[in-house]
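Structure first, then comments.
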Amino acid sequence: MRAFWLNCHLSYACRDSGMCCTAGWPIPVERARVTAIDDVIQRNVIPLRVQPWLVPDAAMPEDVAGMLALGNNGHCVFFEAGKPGCAVHDVKPAACVHFPYVCLIDQRGVHVTLSHYCPTAASLLFEHSGDIAVVEGPLPVPEGHVLEGLDARESLPPAAEGGPATGPRLLSFDEFSAWEREAVSRAHIGTRQPTDLALFEHARGAVPPPWGWPAARRDFEAAWSALVEPEWPRYEDALRRYAAAKVFASWAAYQGDGLAAVRRAVEIAGAVLRVECARRSAENQQPLDRDLLTQAIGQADLLLVHYADPERLAAEP
């Protein structure tokens with residue numbers, strides 16, 4: 001199966017930031033991994049601070065033995081601050097193997113984008129130089145792992161945006177690929193828009209209970225004007241790459257109304273990012289800089305990729 005990436009993401013390799021290990025997420029453990037993880041614990045004499053490391057959960061599917069235990073601080077039991085990597089890296093659960101990959105699988109192949117909640121993924125937006133392009137690359141997970149993502153191989157290709165007279169029409173897959181490559185090359189996230197708060201609320205509304213997301217700051221517009229907007233043009237290249245990552249491998253193409261939903265997904269991502277930039281800058285009482293923008297990008301993808309229900313997010317606001 002062929003795999004396609006954005007060129008700015010192709011060099012991704014874990015740098016042991018520990019962000020995914022400390023997020024407090026519930027991580028299911030496949031039954032096939034339990035013995036292998038126990039073997040690693042015995043061989044490496046890992047000093048577990050939480051025992052047992054596996055929490056049984058009868059509500060899980062048949063092939064899932066339970067959930068990874070978490071420490072009192074919400075960190076994975078196999079993560080220890082100050083030490084590189086995961087203690088059971090070679091046999092870690094499938095959910096850990098797949099982070100931060102976000103895959104769209106259709107008749108053209110596997111299209112791979114990244115969750116920029118991972119600081120390493122976010123750093124690639126700043127480190128890349130040159131044009132943004134779709135390139136062919138390796139499969140994102142090692143051989144022997146089941147590829148996870150939105151499987152649209154049995155779906156028709158997405159619809160183009162139709163005019164008032166013609167209405168939408170289904171694209172061919174070649175047309176879809178051509179559109180995607182062109183859209184990636186010209187993707188951008190601009191400055192403050194009148195629709196920002198409404199689109200941000202749409203994203204918040206896509207978060208299913210009992211989860212939630214904090215509202216925008218009441219002083220959003222003032223914080224944006226004073227602390228973010230003057231610095232925004234300095235990060236145009238990184239923002240273009242972030243926008244391209246929302247065009248490429250977008251689930252919205254299949255879960256919403258085709259290319260129109262992809263366009264909206266980019267607009268929503270821009271609105272969420274601007275709100276989170278204003279939040280970060282106001283909380284730190286300082287103008288936007290690379291570190292604050294990196295944090296805001298991470299928070300934007302935490303909401304858009306991990307908290308929001310993708311089908312509700314792809315629906316027309």
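Letters for chains follow the order of the structure tokens (A, B, ...), residue numbers begin at 1 for each chain, and ligand numbers begin at 1 in the order shown.
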Tell me, counting only C-alpha atoms, for each residue of region 118-215 of chain A within 12 Å of region 77-96 of chain A, which pair of atoms is nearest and how far apart they are in Å to one decimal, in rows ordered by chain and increasing number, as CSV.
residue,atom,partner,partner_atom,distance
A:Val141,CA,A:Ala94,CA,9.5
A:Pro142,CA,A:Asp90,CA,10.7
A:Gly144,CA,A:Ala94,CA,10.9
A:His145,CA,A:Ala94,CA,7.5
A:Val146,CA,A:Ala94,CA,8.2
A:Leu147,CA,A:Ala94,CA,9.3
A:Glu148,CA,A:Ala95,CA,8.9
A:Gly149,CA,A:Ala95,CA,11.0
Based on the selection just made, write C-alpha atoms of those residues as a compact mmCIF listing (two decimals), in the first residue's frame.
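Result went into out-v3.txt, see below:
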# COMPACT_ATOMS: atom_id res chain seq x y z
CA VAL A 141 3.79 2.15 11.70
CA PRO A 142 6.11 -0.87 11.62
CA GLY A 144 2.98 -6.29 11.75
CA HIS A 145 0.88 -3.46 13.21
CA VAL A 146 -2.68 -2.93 12.02
CA LEU A 147 -2.93 0.50 10.46
CA GLU A 148 -5.50 2.68 12.24
CA GLY A 149 -7.33 5.71 10.93
Quick one: everything within 8 Å of Tyr101 (chain A), counting only C-alpha atoms, minus sequence neighbours fewer than 3 positions away in the same chain. Send it as a PyMOL selection string. chain A and resi 98+112-115+140
Those residues with N, CA and C atoms, as a tab-separated table (two decimals), in the first residue's frame please?
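Everything below was put into selection.tsv:
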chain	number	residue	atom	x	y	z
A	98	HIS	N	0.65	4.39	17.35
A	98	HIS	CA	0.06	5.23	16.30
A	98	HIS	C	0.17	6.73	16.58
A	112	VAL	N	-1.00	10.41	5.46
A	112	VAL	CA	-0.55	10.55	6.85
A	112	VAL	C	-0.34	12.01	7.20
A	113	THR	N	-1.06	12.49	8.18
A	113	THR	CA	-0.76	13.79	8.78
A	113	THR	C	-0.45	13.54	10.25
A	114	LEU	N	-0.12	14.60	10.99
A	114	LEU	CA	0.30	14.44	12.38
A	114	LEU	C	-0.56	15.29	13.30
A	115	SER	N	-0.70	14.82	14.54
A	115	SER	CA	-1.27	15.65	15.60
A	115	SER	C	-0.15	16.51	16.17
A	140	PRO	N	3.40	4.59	8.23
A	140	PRO	CA	3.75	5.26	9.49
A	140	PRO	C	4.05	4.32	10.65
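Secondary structure of region 41-257 of chain A, strand (DSSP E) only (DSSP, backbone atoms): A:Leu54, A:Val55, A:Val64, A:Ala65, A:Gly66, A:Met67, A:Leu68, A:Tyr101, A:Val102, A:Cys103, A:Leu104, A:Ile105, A:Asp106, A:Gly109, A:Val110, A:His111, A:Val112, A:Thr113, A:Leu114, A:Val134, A:Val135, A:Glu136, A:Gly137, A:Leu150, A:Asp151.
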Preceding selection exported with N, CA and C atoms as a JSON list (two decimals), in the first residue's frame:
[["chain", "number", "residue", "atom", "x", "y", "z"],
["A", 54, "LEU", "N", -1.78, -3.07, 34.81],
["A", 54, "LEU", "CA", -2.94, -3.24, 33.93],
["A", 54, "LEU", "C", -4.21, -3.18, 34.75],
["A", 55, "VAL", "N", -5.15, -2.34, 34.33],
["A", 55, "VAL", "CA", -6.44, -2.19, 35.02],
["A", 55, "VAL", "C", -7.51, -2.88, 34.18],
["A", 64, "VAL", "N", -9.11, -6.68, 24.00],
["A", 64, "VAL", "CA", -8.46, -5.72, 24.89],
["A", 64, "VAL", "C", -8.48, -6.26, 26.31],
["A", 65, "ALA", "N", -7.30, -6.34, 26.94],
["A", 65, "ALA", "CA", -7.20, -6.92, 28.28],
["A", 65, "ALA", "C", -7.56, -5.92, 29.37],
["A", 66, "GLY", "N", -7.38, -4.64, 29.10],
["A", 66, "GLY", "CA", -7.64, -3.61, 30.10],
["A", 66, "GLY", "C", -6.96, -2.31, 29.69],
["A", 67, "MET", "N", -6.78, -1.43, 30.68],
["A", 67, "MET", "CA", -6.22, -0.11, 30.44],
["A", 67, "MET", "C", -4.88, 0.02, 31.17],
["A", 68, "LEU", "N", -3.98, 0.79, 30.57],
["A", 68, "LEU", "CA", -2.72, 1.09, 31.26],
["A", 68, "LEU", "C", -3.01, 1.85, 32.55],
["A", 101, "TYR", "N", 0.35, 9.91, 14.62],
["A", 101, "TYR", "CA", -0.10, 9.77, 13.25],
["A", 101, "TYR", "C", -1.63, 9.85, 13.16],
["A", 102, "VAL", "N", -2.11, 10.58, 12.17],
["A", 102, "VAL", "CA", -3.53, 10.67, 11.87],
["A", 102, "VAL", "C", -3.67, 10.25, 10.41],
["A", 103, "CYS", "N", -4.28, 9.09, 10.16],
["A", 103, "CYS", "CA", -4.26, 8.50, 8.83],
["A", 103, "CYS", "C", -5.64, 8.50, 8.19],
["A", 104, "LEU", "N", -5.65, 8.81, 6.91],
["A", 104, "LEU", "CA", -6.82, 8.64, 6.06],
["A", 104, "LEU", "C", -6.46, 7.55, 5.05],
["A", 105, "ILE", "N", -7.26, 6.50, 5.02],
["A", 105, "ILE", "CA", -7.00, 5.37, 4.13],
["A", 105, "ILE", "C", -8.13, 5.33, 3.10],
["A", 106, "ASP", "N", -7.79, 5.52, 1.84],
["A", 106, "ASP", "CA", -8.81, 5.41, 0.80],
["A", 106, "ASP", "C", -8.24, 4.65, -0.39],
["A", 109, "GLY", "N", -4.50, 5.12, -1.30],
["A", 109, "GLY", "CA", -3.43, 4.70, -0.40],
["A", 109, "GLY", "C", -3.64, 5.27, 0.99],
["A", 110, "VAL", "N", -2.56, 5.35, 1.74],
["A", 110, "VAL", "CA", -2.60, 5.88, 3.11],
["A", 110, "VAL", "C", -2.07, 7.32, 3.08],
["A", 111, "HIS", "N", -2.85, 8.24, 3.60],
["A", 111, "HIS", "CA", -2.43, 9.63, 3.68],
["A", 111, "HIS", "C", -2.20, 9.95, 5.15],
["A", 112, "VAL", "N", -1.00, 10.41, 5.46],
["A", 112, "VAL", "CA", -0.55, 10.55, 6.85],
["A", 112, "VAL", "C", -0.34, 12.01, 7.20],
["A", 113, "THR", "N", -1.06, 12.49, 8.18],
["A", 113, "THR", "CA", -0.76, 13.79, 8.78],
["A", 113, "THR", "C", -0.45, 13.54, 10.25],
["A", 114, "LEU", "N", -0.12, 14.60, 10.99],
["A", 114, "LEU", "CA", 0.30, 14.44, 12.38],
["A", 114, "LEU", "C", -0.56, 15.29, 13.30],
["A", 134, "VAL", "N", 3.08, 17.36, -1.29],
["A", 134, "VAL", "CA", 2.73, 15.98, -0.95],
["A", 134, "VAL", "C", 3.79, 15.07, -1.56],
["A", 135, "VAL", "N", 4.35, 14.20, -0.75],
["A", 135, "VAL", "CA", 5.41, 13.30, -1.22],
["A", 135, "VAL", "C", 5.07, 11.87, -0.79],
["A", 136, "GLU", "N", 5.66, 10.91, -1.47],
["A", 136, "GLU", "CA", 5.47, 9.52, -1.09],
["A", 136, "GLU", "C", 6.50, 9.13, -0.04],
["A", 137, "GLY", "N", 6.10, 8.32, 0.92],
["A", 137, "GLY", "CA", 6.99, 7.92, 2.00],
["A", 137, "GLY", "C", 6.62, 6.55, 2.54],
["A", 150, "LEU", "N", -9.11, 6.63, 9.58],
["A", 150, "LEU", "CA", -10.40, 6.60, 8.92],
["A", 150, "LEU", "C", -10.26, 5.76, 7.66],
["A", 151, "ASP", "N", -10.94, 4.62, 7.61],
["A", 151, "ASP", "CA", -10.87, 3.72, 6.47],
["A", 151, "ASP", "C", -12.03, 4.05, 5.52]]
DSSP helix (DSSP H, G or I) residues within region 2-192 of chain A, listed as a ChimeraX atom specification: /A:31-44,89-91,94-98,119-127,173-186
Residue neighbourhood Gly212 (chain A), 12 Å, only C-alpha atoms, exclusion window fewer than 5 positions, as a ChimeraX atom specification: /A:201,203-207,302-303,306-309
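Between CA of Val97 (chain A) and CA of Ala133 (chain A) there is a distance of 25.5 Å.
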Residues within 9 Å of region 238-242 of chain A, please, as a ChimeraX atom specification. Count only C-alpha atoms; anything in the same chain fewer than 6 positions from it doesn't count. /A:6,8,116,122,124-128,132,184-190,269-270,297
Nearby residues (only C-alpha atoms) at most 9 Å from region 282-288 of chain A, same-chain spacing under 6 positions excluded, as a short mmCIF file (atom, residue, chain, number, x, y, z; two decimals) with all heavy atoms, in the first residue's frame:
data_model
loop_
_atom_site.label_atom_id
_atom_site.label_comp_id
_atom_site.auth_asym_id
_atom_site.auth_seq_id
_atom_site.Cartn_x
_atom_site.Cartn_y
_atom_site.Cartn_z
N ARG A 217 -11.40 33.50 26.00
CA ARG A 217 -11.30 34.59 26.97
C ARG A 217 -12.24 35.72 26.59
O ARG A 217 -12.44 36.02 25.40
CB ARG A 217 -9.86 35.13 27.01
CG ARG A 217 -8.85 34.17 27.62
CD ARG A 217 -7.46 34.81 27.59
NE ARG A 217 -7.39 36.03 28.37
CZ ARG A 217 -6.94 36.10 29.63
NH1 ARG A 217 -6.54 35.00 30.24
NH2 ARG A 217 -6.89 37.25 30.28
N ASP A 219 -11.66 38.73 26.94
CA ASP A 219 -10.85 39.79 26.34
C ASP A 219 -10.11 39.30 25.10
O ASP A 219 -9.04 39.80 24.77
CB ASP A 219 -9.85 40.36 27.35
CG ASP A 219 -8.85 39.31 27.84
OD1 ASP A 219 -9.05 38.11 27.56
OD2 ASP A 219 -7.87 39.69 28.51
N PHE A 220 -10.67 38.31 24.41
CA PHE A 220 -10.00 37.72 23.26
C PHE A 220 -9.57 38.78 22.25
O PHE A 220 -8.42 38.83 21.82
CB PHE A 220 -10.91 36.70 22.58
CG PHE A 220 -10.52 36.36 21.17
CD1 PHE A 220 -9.27 35.82 20.88
CD2 PHE A 220 -11.39 36.61 20.11
CE1 PHE A 220 -8.90 35.52 19.57
CE2 PHE A 220 -11.02 36.30 18.80
CZ PHE A 220 -9.78 35.77 18.54
N ALA A 223 -6.76 40.97 23.62
CA ALA A 223 -5.51 40.22 23.71
C ALA A 223 -4.94 39.96 22.33
O ALA A 223 -3.72 40.05 22.12
CB ALA A 223 -5.75 38.91 24.45
N TRP A 224 -5.80 39.64 21.39
CA TRP A 224 -5.33 39.41 20.03
C TRP A 224 -4.67 40.67 19.47
O TRP A 224 -3.55 40.62 18.94
CB TRP A 224 -6.49 38.98 19.13
CG TRP A 224 -6.13 39.01 17.68
CD1 TRP A 224 -6.31 40.02 16.79
CD2 TRP A 224 -5.45 37.97 16.96
NE1 TRP A 224 -5.81 39.70 15.57
CE2 TRP A 224 -5.27 38.44 15.64
CE3 TRP A 224 -4.99 36.70 17.30
CZ2 TRP A 224 -4.64 37.68 14.65
CZ3 TRP A 224 -4.36 35.94 16.33
CH2 TRP A 224 -4.19 36.43 15.03
N ALA A 226 -3.45 43.34 20.94
CA ALA A 226 -2.27 43.86 21.65
C ALA A 226 -1.09 42.91 21.63
O ALA A 226 0.07 43.34 21.50
CB ALA A 226 -2.65 44.19 23.09
N LEU A 227 -1.35 41.59 21.75
CA LEU A 227 -0.26 40.65 22.01
C LEU A 227 0.03 39.69 20.86
O LEU A 227 1.16 39.17 20.76
CB LEU A 227 -0.58 39.82 23.26
CG LEU A 227 -0.74 40.62 24.56
CD1 LEU A 227 -1.22 39.70 25.68
CD2 LEU A 227 0.56 41.29 24.93
N VAL A 228 -0.95 39.43 20.00
CA VAL A 228 -0.77 38.41 18.97
C VAL A 228 -0.62 39.01 17.58
O VAL A 228 0.34 38.71 16.85
CB VAL A 228 -1.94 37.40 18.98
CG1 VAL A 228 -1.73 36.33 17.90
CG2 VAL A 228 -2.08 36.75 20.35
N GLU A 229 -1.54 39.86 17.20
CA GLU A 229 -1.57 40.36 15.82
C GLU A 229 -0.26 41.01 15.38
O GLU A 229 0.19 40.76 14.25
CB GLU A 229 -2.73 41.34 15.65
CG GLU A 229 -2.95 41.76 14.21
CD GLU A 229 -4.22 42.56 14.05
OE1 GLU A 229 -4.64 43.22 15.02
OE2 GLU A 229 -4.80 42.53 12.95
N PRO A 230 0.40 41.82 16.21
CA PRO A 230 1.65 42.43 15.74
C PRO A 230 2.74 41.40 15.42
O PRO A 230 3.62 41.68 14.59
CB PRO A 230 2.07 43.31 16.92
CG PRO A 230 0.80 43.60 17.65
CD PRO A 230 0.00 42.35 17.53
N GLU A 231 2.72 40.24 16.07
CA GLU A 231 3.75 39.22 15.86
C GLU A 231 3.35 38.17 14.83
O GLU A 231 4.20 37.40 14.36
CB GLU A 231 4.05 38.50 17.19
CG GLU A 231 4.37 39.42 18.35
CD GLU A 231 5.58 40.28 18.07
OE1 GLU A 231 6.52 39.77 17.43
OE2 GLU A 231 5.59 41.46 18.45
N TRP A 232 2.09 38.12 14.46
CA TRP A 232 1.55 37.07 13.59
C TRP A 232 2.32 36.90 12.28
O TRP A 232 2.64 35.77 11.89
CB TRP A 232 0.07 37.36 13.33
CG TRP A 232 -0.75 36.23 12.80
CD1 TRP A 232 -1.28 36.11 11.55
CD2 TRP A 232 -1.20 35.06 13.50
NE1 TRP A 232 -2.02 34.98 11.42
CE2 TRP A 232 -1.99 34.30 12.61
CE3 TRP A 232 -1.00 34.58 14.80
CZ2 TRP A 232 -2.58 33.09 12.97
CZ3 TRP A 232 -1.59 33.38 15.16
CH2 TRP A 232 -2.36 32.64 14.26
#
Skip Tyr117 (chain A) itself and residues of its chain fewer than 5 positions away, then list as a ChimeraX atom specification all residues within 7 Å of it, counting only C-alpha atoms. /A:298-299,301-302
